[in-house]
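Here is the file final-v3.cif (mmCIF, C-alpha atoms).
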```
data_start
loop_
_atom_site.label_atom_id
_atom_site.label_comp_id
_atom_site.auth_asym_id
_atom_site.auth_seq_id
_atom_site.Cartn_x
_atom_site.Cartn_y
_atom_site.Cartn_z
CA MET A 98 0.00 0.00 0.00
CA ARG A 99 2.86 2.38 0.78
CA ARG A 100 4.27 1.80 -2.72
CA VAL A 101 0.89 2.58 -4.33
CA ASN A 102 0.40 5.72 -2.24
CA ALA A 103 3.86 6.98 -3.10
CA PHE A 104 3.21 6.45 -6.78
CA SER A 105 -0.19 8.13 -6.66
CA LYS A 106 1.40 11.25 -5.16
CA SER A 107 4.15 11.61 -7.76
CA ILE A 108 3.70 14.74 -9.82
CA SER A 109 4.83 15.31 -13.40
CA SER A 110 5.61 18.80 -14.70
CA GLU A 111 5.46 20.46 -18.10
CA LYS A 112 9.23 20.09 -18.36
CA VAL A 113 10.55 16.82 -16.95
CA LEU A 114 13.37 17.39 -14.46
CA ASP A 115 16.32 15.15 -13.61
CA ASN A 116 15.43 11.44 -13.79
CA ILE A 117 11.98 11.53 -12.20
CA ASN A 118 10.36 10.02 -15.30
CA LYS A 119 12.97 7.35 -15.92
CA LEU A 120 11.63 3.89 -16.76
CA LYS A 121 13.82 0.99 -15.67
CA ILE A 122 13.12 -2.66 -16.49
CA SER A 123 15.20 -5.17 -14.54
CA ASP A 124 15.51 -8.91 -15.26
CA LEU A 125 11.90 -8.99 -16.45
CA SER A 126 10.18 -12.27 -17.33
CA ILE A 127 6.58 -12.29 -18.60
CA ILE A 128 4.03 -15.02 -19.27
CA LEU A 129 0.73 -14.99 -21.14
CA LYS A 130 -1.82 -15.81 -18.44
CA SER A 131 -4.14 -17.84 -20.68
CA ASN A 132 -1.61 -20.63 -21.26
CA ASN A 133 1.37 -19.79 -19.02
CA THR A 134 3.63 -19.37 -22.06
CA LYS A 135 6.79 -17.44 -21.26
CA ILE A 136 7.19 -14.68 -23.85
CA VAL A 137 9.80 -12.35 -22.33
CA GLU A 138 12.75 -13.61 -20.29
CA ASN A 139 15.31 -11.75 -18.15
CA LEU A 140 14.98 -8.51 -20.12
CA ASN A 141 16.73 -5.31 -19.05
CA LEU A 142 16.07 -1.84 -20.44
CA THR A 143 16.41 1.72 -19.13
CA VAL A 144 14.74 4.69 -20.83
CA ASN A 145 15.82 8.07 -19.51
CA PRO A 146 13.79 11.29 -19.94
CA GLY A 147 13.94 12.54 -23.52
CA GLU A 148 15.36 9.30 -24.91
CA ILE A 149 13.84 7.40 -27.82
CA HIS A 150 14.34 3.64 -27.91
CA VAL A 151 13.28 1.63 -30.96
CA LEU A 152 12.37 -2.05 -30.59
CA MET A 153 12.74 -4.26 -33.66
CA GLY A 154 12.34 -7.98 -34.18
CA ARG A 155 10.36 -10.62 -35.99
CA ASN A 156 6.70 -11.13 -35.17
CA GLY A 157 6.41 -13.01 -31.90
CA SER A 158 9.74 -11.80 -30.54
CA GLY A 159 8.10 -10.15 -27.50
CA LYS A 160 7.93 -6.48 -28.52
CA SER A 161 4.21 -5.96 -28.03
CA THR A 162 4.12 -8.18 -24.95
CA LEU A 163 6.77 -6.03 -23.29
CA SER A 164 4.94 -2.83 -24.20
CA LYS A 165 1.56 -4.06 -22.97
CA THR A 166 3.12 -5.25 -19.73
CA ILE A 167 4.62 -1.81 -19.10
CA VAL A 168 1.14 -0.27 -19.25
CA GLY A 169 -0.38 -3.04 -17.10
CA HIS A 170 -2.35 -5.11 -19.62
CA PRO A 171 -4.25 -7.80 -17.65
CA SER A 172 -3.50 -10.62 -20.12
CA TYR A 173 0.14 -10.74 -19.02
CA GLU A 174 1.84 -11.55 -15.73
CA VAL A 175 5.30 -10.64 -14.54
CA ILE A 176 6.81 -13.75 -12.95
CA ASP A 177 10.24 -12.32 -12.26
CA GLY A 178 12.00 -8.96 -12.26
CA SER A 179 10.57 -5.46 -11.95
CA ILE A 180 9.43 -2.31 -13.75
CA THR A 181 10.34 0.95 -12.04
CA TYR A 182 8.88 4.31 -13.08
CA LYS A 183 9.29 7.65 -11.32
CA ASN A 184 11.49 5.78 -8.82
CA ILE A 185 8.57 3.54 -7.79
CA ASP A 186 8.21 -0.19 -8.47
CA ILE A 187 5.05 -0.37 -10.60
CA THR A 188 5.26 -4.08 -11.44
CA GLN A 189 2.02 -4.92 -9.62
CA ILE A 190 0.31 -1.53 -9.80
CA ASP A 191 -3.04 -1.16 -11.57
CA ALA A 192 -3.09 -0.02 -15.21
CA SER A 193 -5.34 2.95 -14.46
CA LEU A 194 -2.87 4.36 -11.94
CA ARG A 195 -0.02 3.96 -14.43
CA ALA A 196 -2.08 5.91 -16.96
CA LEU A 197 -2.89 8.67 -14.48
CA ASN A 198 0.82 9.06 -13.84
CA GLY A 199 1.42 9.69 -17.52
CA ILE A 200 2.25 6.33 -19.12
CA PHE A 201 0.50 6.23 -22.49
CA MET A 202 0.48 3.59 -25.23
CA CYS A 203 -0.65 3.98 -28.83
CA PHE A 204 -1.87 0.50 -29.70
CA GLN A 205 -1.31 -1.29 -32.98
CA SER A 206 -5.07 -1.85 -33.38
CA PRO A 207 -7.08 0.77 -31.43
CA VAL A 208 -10.50 -0.43 -30.31
CA GLU A 209 -13.88 1.10 -31.15
CA ILE A 210 -16.08 2.38 -28.32
CA GLN A 211 -19.70 2.41 -29.43
CA GLY A 212 -22.02 5.06 -28.04
CA VAL A 213 -19.24 7.31 -26.69
CA LYS A 214 -18.54 10.54 -28.53
CA ASN A 215 -14.92 11.37 -29.16
CA LEU A 216 -15.28 14.82 -27.58
CA ASP A 217 -16.73 13.38 -24.36
CA PHE A 218 -14.07 10.67 -24.19
CA LEU A 219 -11.20 13.10 -24.73
CA ARG A 220 -12.52 15.50 -22.10
CA LYS A 221 -12.97 12.64 -19.63
CA ILE A 222 -9.41 11.34 -19.96
CA SER A 223 -8.00 14.86 -19.90
CA ASN A 224 -9.89 15.86 -16.76
CA SER A 225 -9.06 12.57 -15.02
CA ARG A 226 -5.37 13.24 -15.48
CA ARG A 227 -5.67 16.94 -14.60
CA LYS A 228 -7.59 16.13 -11.42
CA PHE A 229 -4.94 13.56 -10.46
CA LEU A 230 -2.26 16.23 -10.92
CA SER A 231 -4.30 18.78 -8.91
CA GLN A 232 -4.81 20.93 -12.01
CA PRO A 233 -8.05 22.78 -12.86
CA ILE A 234 -10.44 20.64 -14.88
CA PHE A 235 -11.97 21.77 -18.17
CA ASP A 236 -15.61 22.74 -18.47
CA PRO A 237 -17.17 21.73 -21.83
CA LEU A 238 -16.60 25.08 -23.55
CA ASP A 239 -13.02 25.45 -22.36
CA PHE A 240 -12.20 21.92 -23.44
CA TYR A 241 -13.71 22.42 -26.89
CA SER A 242 -11.49 25.45 -27.34
CA PHE A 243 -8.47 23.49 -26.08
CA ILE A 244 -9.02 20.46 -28.32
CA SER A 245 -9.94 22.50 -31.40
CA ASP A 246 -6.49 24.02 -31.20
CA LYS A 247 -4.87 20.56 -31.12
CA ILE A 248 -6.88 18.50 -33.57
CA GLU A 249 -5.39 19.91 -36.77
CA SER A 250 -1.90 18.99 -35.58
CA VAL A 251 -2.75 15.30 -36.05
CA GLY A 252 -4.45 15.71 -39.42
CA LEU A 253 -8.07 15.51 -38.25
CA ASP A 254 -10.88 18.06 -38.22
CA ASN A 255 -13.61 18.98 -35.74
CA THR A 256 -16.16 16.61 -37.30
CA PHE A 257 -14.30 13.73 -35.65
CA LEU A 258 -15.23 15.11 -32.23
CA THR A 259 -18.91 14.31 -32.76
CA ARG A 260 -18.29 10.74 -33.92
CA ASN A 261 -18.12 7.73 -31.64
CA VAL A 262 -14.60 6.78 -30.55
CA ASN A 263 -12.91 5.07 -33.53
CA GLU A 264 -16.25 3.78 -34.83
CA GLY A 265 -16.14 3.68 -38.63
CA PHE A 266 -12.66 5.21 -38.62
CA SER A 267 -10.10 4.02 -41.14
CA GLY A 268 -6.89 2.49 -39.80
CA GLY A 269 -5.03 5.75 -40.32
CA GLU A 270 -7.78 7.79 -38.66
CA LYS A 271 -7.64 5.53 -35.60
CA LYS A 272 -3.90 6.07 -35.33
CA ARG A 273 -4.30 9.85 -35.65
CA ASN A 274 -7.03 9.77 -33.03
CA GLU A 275 -4.62 8.04 -30.64
CA MET A 276 -2.09 10.78 -31.25
CA LEU A 277 -4.81 13.27 -30.31
CA GLN A 278 -5.43 11.33 -27.08
CA LEU A 279 -1.71 11.42 -26.36
CA ILE A 280 -1.63 15.20 -26.72
CA THR A 281 -4.80 15.57 -24.65
CA VAL A 282 -3.48 13.74 -21.58
CA GLN A 283 -0.03 15.39 -21.79
CA ALA A 284 1.72 12.06 -21.29
CA ASP A 285 5.08 11.75 -19.52
CA PHE A 286 6.14 8.42 -21.05
CA CYS A 287 4.93 7.10 -24.41
CA ILE A 288 4.93 3.77 -26.20
CA PHE A 289 4.15 3.62 -29.92
CA ASP A 290 3.28 0.13 -31.17
CA GLU A 291 3.60 0.28 -34.97
CA ILE A 292 1.69 3.56 -35.02
CA ASP A 293 3.23 4.39 -38.41
CA SER A 294 1.46 1.44 -40.03
CA GLY A 295 -1.36 2.70 -42.25
CA LEU A 296 -0.37 6.36 -42.06
CA ASP A 297 0.11 8.46 -45.18
CA ILE A 298 3.15 10.68 -45.62
CA ASP A 299 1.47 13.79 -44.18
CA SER A 300 0.33 11.87 -41.09
CA ILE A 301 3.83 10.48 -40.59
CA LYS A 302 5.18 14.04 -40.69
CA ASN A 303 2.59 15.03 -38.06
CA LEU A 304 3.67 12.05 -35.95
CA VAL A 305 7.34 13.00 -36.20
CA ASP A 306 6.51 16.58 -35.15
CA ILE A 307 4.64 15.26 -32.10
CA ILE A 308 7.51 12.94 -31.19
CA SER A 309 9.96 15.84 -31.51
CA THR A 310 7.83 17.99 -29.21
CA LEU A 311 7.62 15.18 -26.65
CA ARG A 312 11.37 14.66 -26.79
CA ASN A 313 11.97 18.36 -26.17
CA ARG A 314 9.70 18.13 -23.11
CA GLY A 315 11.88 15.34 -21.76
CA VAL A 316 9.36 12.57 -22.43
CA GLY A 317 10.88 9.09 -22.75
CA MET A 318 9.59 6.94 -25.60
CA ILE A 319 9.60 3.36 -26.85
CA ILE A 320 8.79 2.93 -30.54
CA ILE A 321 8.01 -0.43 -32.14
CA THR A 322 8.38 -0.28 -35.90
CA HIS A 323 9.47 -2.29 -38.93
CA TYR A 324 10.08 0.78 -41.07
CA ASN A 325 13.42 2.53 -41.43
CA LYS A 326 11.69 5.62 -42.80
CA LEU A 327 10.28 6.47 -39.38
CA ILE A 328 13.60 5.63 -37.71
CA ASP A 329 15.41 7.98 -40.10
CA LEU A 330 12.98 10.77 -39.26
CA VAL A 331 12.89 10.46 -35.45
CA ARG A 332 16.60 9.59 -35.08
CA PRO A 333 16.34 7.43 -31.95
CA ASP A 334 19.01 7.26 -29.28
CA TYR A 335 19.01 3.46 -29.26
CA VAL A 336 17.83 0.55 -31.38
CA HIS A 337 17.26 -2.85 -29.74
CA ILE A 338 16.74 -6.18 -31.48
CA LEU A 339 14.47 -8.70 -29.74
CA LYS A 340 14.49 -12.45 -30.33
CA ASN A 341 12.66 -15.07 -28.27
CA GLY A 342 11.79 -12.50 -25.63
CA LYS A 343 15.32 -11.24 -25.11
CA ILE A 344 17.28 -8.21 -26.32
CA ILE A 345 20.05 -9.83 -28.34
CA LYS A 346 21.65 -6.64 -29.68
CA SER A 347 21.57 -2.92 -28.90
CA GLY A 348 23.08 -0.08 -30.86
CA ASP A 349 22.34 3.16 -32.66
CA MET A 350 20.52 3.82 -35.94
CA GLU A 351 23.12 1.87 -37.90
CA LEU A 352 21.69 -1.32 -36.41
CA SER A 353 18.39 -0.72 -38.22
CA LYS A 354 20.31 -0.18 -41.46
CA ILE A 355 21.93 -3.60 -41.07
CA ILE A 356 18.49 -5.16 -40.61
CA GLU A 357 17.21 -3.39 -43.72
CA ARG A 358 20.15 -4.62 -45.83
CA GLU A 359 20.70 -8.10 -44.47
CA GLY A 360 17.67 -9.09 -42.39
CA PHE A 361 17.47 -10.26 -38.79
CA ASP A 362 19.68 -13.28 -39.48
CA ALA A 363 22.62 -10.88 -39.68
CA ILE A 364 22.27 -10.18 -35.95
CA ASN A 365 23.92 -12.73 -33.69
#
```
Please lay out the structure from this file as structure tokens.
Amino acid sequence: MRRVNAFSKSISSEKVLDNINKLKISDLSIILKSNNTKIVENLNLTVNPGEIHVLMGRNGSGKSTLSKTIVGHPSYEVIDGSITYKNIDITQIDASLRALNGIFMCFQSPVEIQGVKNLDFLRKISNSRRKFLSQPIFDPLDFYSFISDKIESVGLDNTFLTRNVNEGFSGGEKKRNEMLQLITVQADFCIFDEIDSGLDIDSIKNLVDIISTLRNRGVGMIIITHYNKLIDLVRPDYVHILKNGKIIKSGDMELSKIIEREGFDAIN
């Protein structure tokens, strides 16, 4: 209980200071609860504020499992090791509390929420986070003004605010809507799971601009992608190759170039 209370009181600022938002993964092993299959084993990773880490690997290598476990997805269980964020062990902490403290994930396949208008949903998640941080909450008119100023930055228009969340959206529209959610909650740590998939060139440029802004704020990021184009644009600090649930190689952008030229078999 002390650990949960300490985490719930941690406060993030507009400009991240020192290492308060550092994410540290230590000797982490993860199983899929439904069949007890071990997917990630003894994995170590540290993401400091403002750093961008790219995860690459074949399908089934553990990239998405690791990301979902960081945000507290209930389908996975940590059987060994720990995840520390804001200097607190969050390994067993509820997903909602992780989200309130600024951990945000853009999923590969965002879900539809029938009967819930996008505007209402965005205001709800924004005010939940603002209330948690002891910030003034938005009334409907103030929030509409706030979100109208943000929506064009992700390549959407105000008509999307009156539609149900992701219902009838194309794949690219769903991804842009997640970027809008990310901006709305003013996340402190972000995970992008193949968010560039299905985006046109203009949307990718919008995404890169958002990532650049987050980096300048000191937000740490994990990006899962198969595309060197995005890597070239965001210029990550580190690239990690996963195989069988383990990081088998870490390096800089040149590592992704080797994968592009020679494939994953070139990595020992």
Query raised in the report: Between A:Asp334, A:Glu357, A:Glu138, A:Glu249, which is the closest to A:Asn274 once you count all atoms listed in the file?
Result: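 Of A:Asp334, A:Glu357, A:Glu138, A:Glu249, the one nearest A:Asn274 is A:Glu249, counting all atoms listed in the file.
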Query - Nearest-residue call for A:Gly315, choices A:Asp285, A:Asp239, A:Glu209, A:Glu174, using only C-alpha atoms - result: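 Closest to A:Gly315, using only C-alpha atoms: A:Asp285.
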Requested in this report: Convert the output of the PyMOL selection byres ((chain A and resi 177) around 10) on the shown file into explicit residues, formatted as a list in words.
Outcome: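 Taken on the displayed file, the PyMOL selection byres ((chain A and resi 177) around 10) yields the residues Ser123, Asp124, Leu125, Ser126, Ile127, Ile128, Glu138, Asn139, Leu140, Glu174, Val175, Ile176, Gly178, Ser179 and Thr188 of chain A.
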Requested in this report: Kindly resolve the PyMOL selection byres ((chain A and resi 221-236) around 8) on the present coordinates and return the residues as a PyMOL selection string.
Outcome: chain A and resi 108-109+197-199+217-220+237-240+281-282
Query raised in the report: When the PyMOL selection byres ((chain A and resi 299) around 12) is applied to the file above, which residues end up in the set, as a PyMOL selection string?
Result: chain A and resi 249-253+269+273+293+295-298+300-306
Query - Distance of atom CA of A:Asp349 from atom CA of A:Tyr335, expressed in Å to one decimal place - result: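 According to the coordinates, atom CA of A:Tyr335 and atom CA of A:Asp349 are separated by 4.8 Å.
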Query raised in the report: atom CA of A:Met153 and atom CA of A:Ile356, how far apart in Å?
Result: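 A separation of 9.1 Å between them.
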Query raised in the report: Between A:Phe257, A:Thr162, A:Lys340, A:Gly154, which has the minimum distance to A:Tyr324 (counting only C-alpha atoms)?
Result: A:Gly154
Report task. Enter the distance from atom CA of A:Arg155 to atom CA of A:Leu339, in Å, rounded to one decimal. Result ->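 The value is 7.7 Å.
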Show me as a PDB file with C-alpha atoms, in the coordinates of the input the residues that reach within 7 Å of (8.0, 14.2, -21.3), counting all atoms listed in the file and using the file's own coordinates.
```pdb
ATOM      1  CA  LYS A 112       9.230  20.090 -18.360  1.00  0.00           C
ATOM      2  CA  VAL A 113      10.550  16.820 -16.950  1.00  0.00           C
ATOM      3  CA  PRO A 146      13.790  11.290 -19.940  1.00  0.00           C
ATOM      4  CA  GLY A 147      13.940  12.540 -23.520  1.00  0.00           C
ATOM      5  CA  ALA A 284       1.720  12.060 -21.290  1.00  0.00           C
ATOM      6  CA  ASP A 285       5.080  11.750 -19.520  1.00  0.00           C
ATOM      7  CA  PHE A 286       6.140   8.420 -21.050  1.00  0.00           C
ATOM      8  CA  LEU A 311       7.620  15.180 -26.650  1.00  0.00           C
ATOM      9  CA  ARG A 312      11.370  14.660 -26.790  1.00  0.00           C
ATOM     10  CA  ARG A 314       9.700  18.130 -23.110  1.00  0.00           C
ATOM     11  CA  GLY A 315      11.880  15.340 -21.760  1.00  0.00           C
ATOM     12  CA  VAL A 316       9.360  12.570 -22.430  1.00  0.00           C
ATOM     13  CA  GLY A 317      10.880   9.090 -22.750  1.00  0.00           C
TER      14      GLY A 317
END
```
**Report entry** Given all atoms listed in the file as the counted atoms, nearest of A:Ser242, A:Gly360, A:Ala192, A:Gly159 to A:Asn341
**Finding:**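 Answer, going by the shortest atom-to-atom distance: A:Gly159.
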Requested in this report: Measuring atom to atom with all atoms listed in the file, identify which of A:Lys271, A:Arg260, A:Lys247, A:Lys343 is nearest to A:Phe204.
Outcome: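 Under the stated criterion, the closest residue is A:Lys271.
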Report task. Kindly indicate which residue among A:Ser158, A:Leu129, A:Ile122, A:Ile320 lies nearest to A:Phe361, using only C-alpha atoms for the distances. Result ->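 Among A:Ser158, A:Leu129, A:Ile122, A:Ile320, it is A:Ser158 that comes nearest to A:Phe361.
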Requested in this report: For A:Ser347, work out the shell of residues within 8 Å, counting all atoms listed in the file and skipping chain neighbours fewer than 6 positions away, then give it as a list in words.
Outcome: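 Within the cut-off, the hits are Tyr335, Val336, His337 and Ile338 of chain A.
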Just C-alpha atoms for this one: save the residues we selected as an mmCIF file, in the coordinates of the input.
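Written output follows (result-v2.cif):
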```cif
data_model
loop_
_atom_site.group_PDB
_atom_site.id
_atom_site.type_symbol
_atom_site.label_atom_id
_atom_site.label_comp_id
_atom_site.auth_asym_id
_atom_site.auth_seq_id
_atom_site.Cartn_x
_atom_site.Cartn_y
_atom_site.Cartn_z
ATOM 1 C CA TYR A 335 19.010 3.460 -29.260
ATOM 2 C CA VAL A 336 17.830 0.550 -31.380
ATOM 3 C CA HIS A 337 17.260 -2.850 -29.740
ATOM 4 C CA ILE A 338 16.740 -6.180 -31.480
#
```
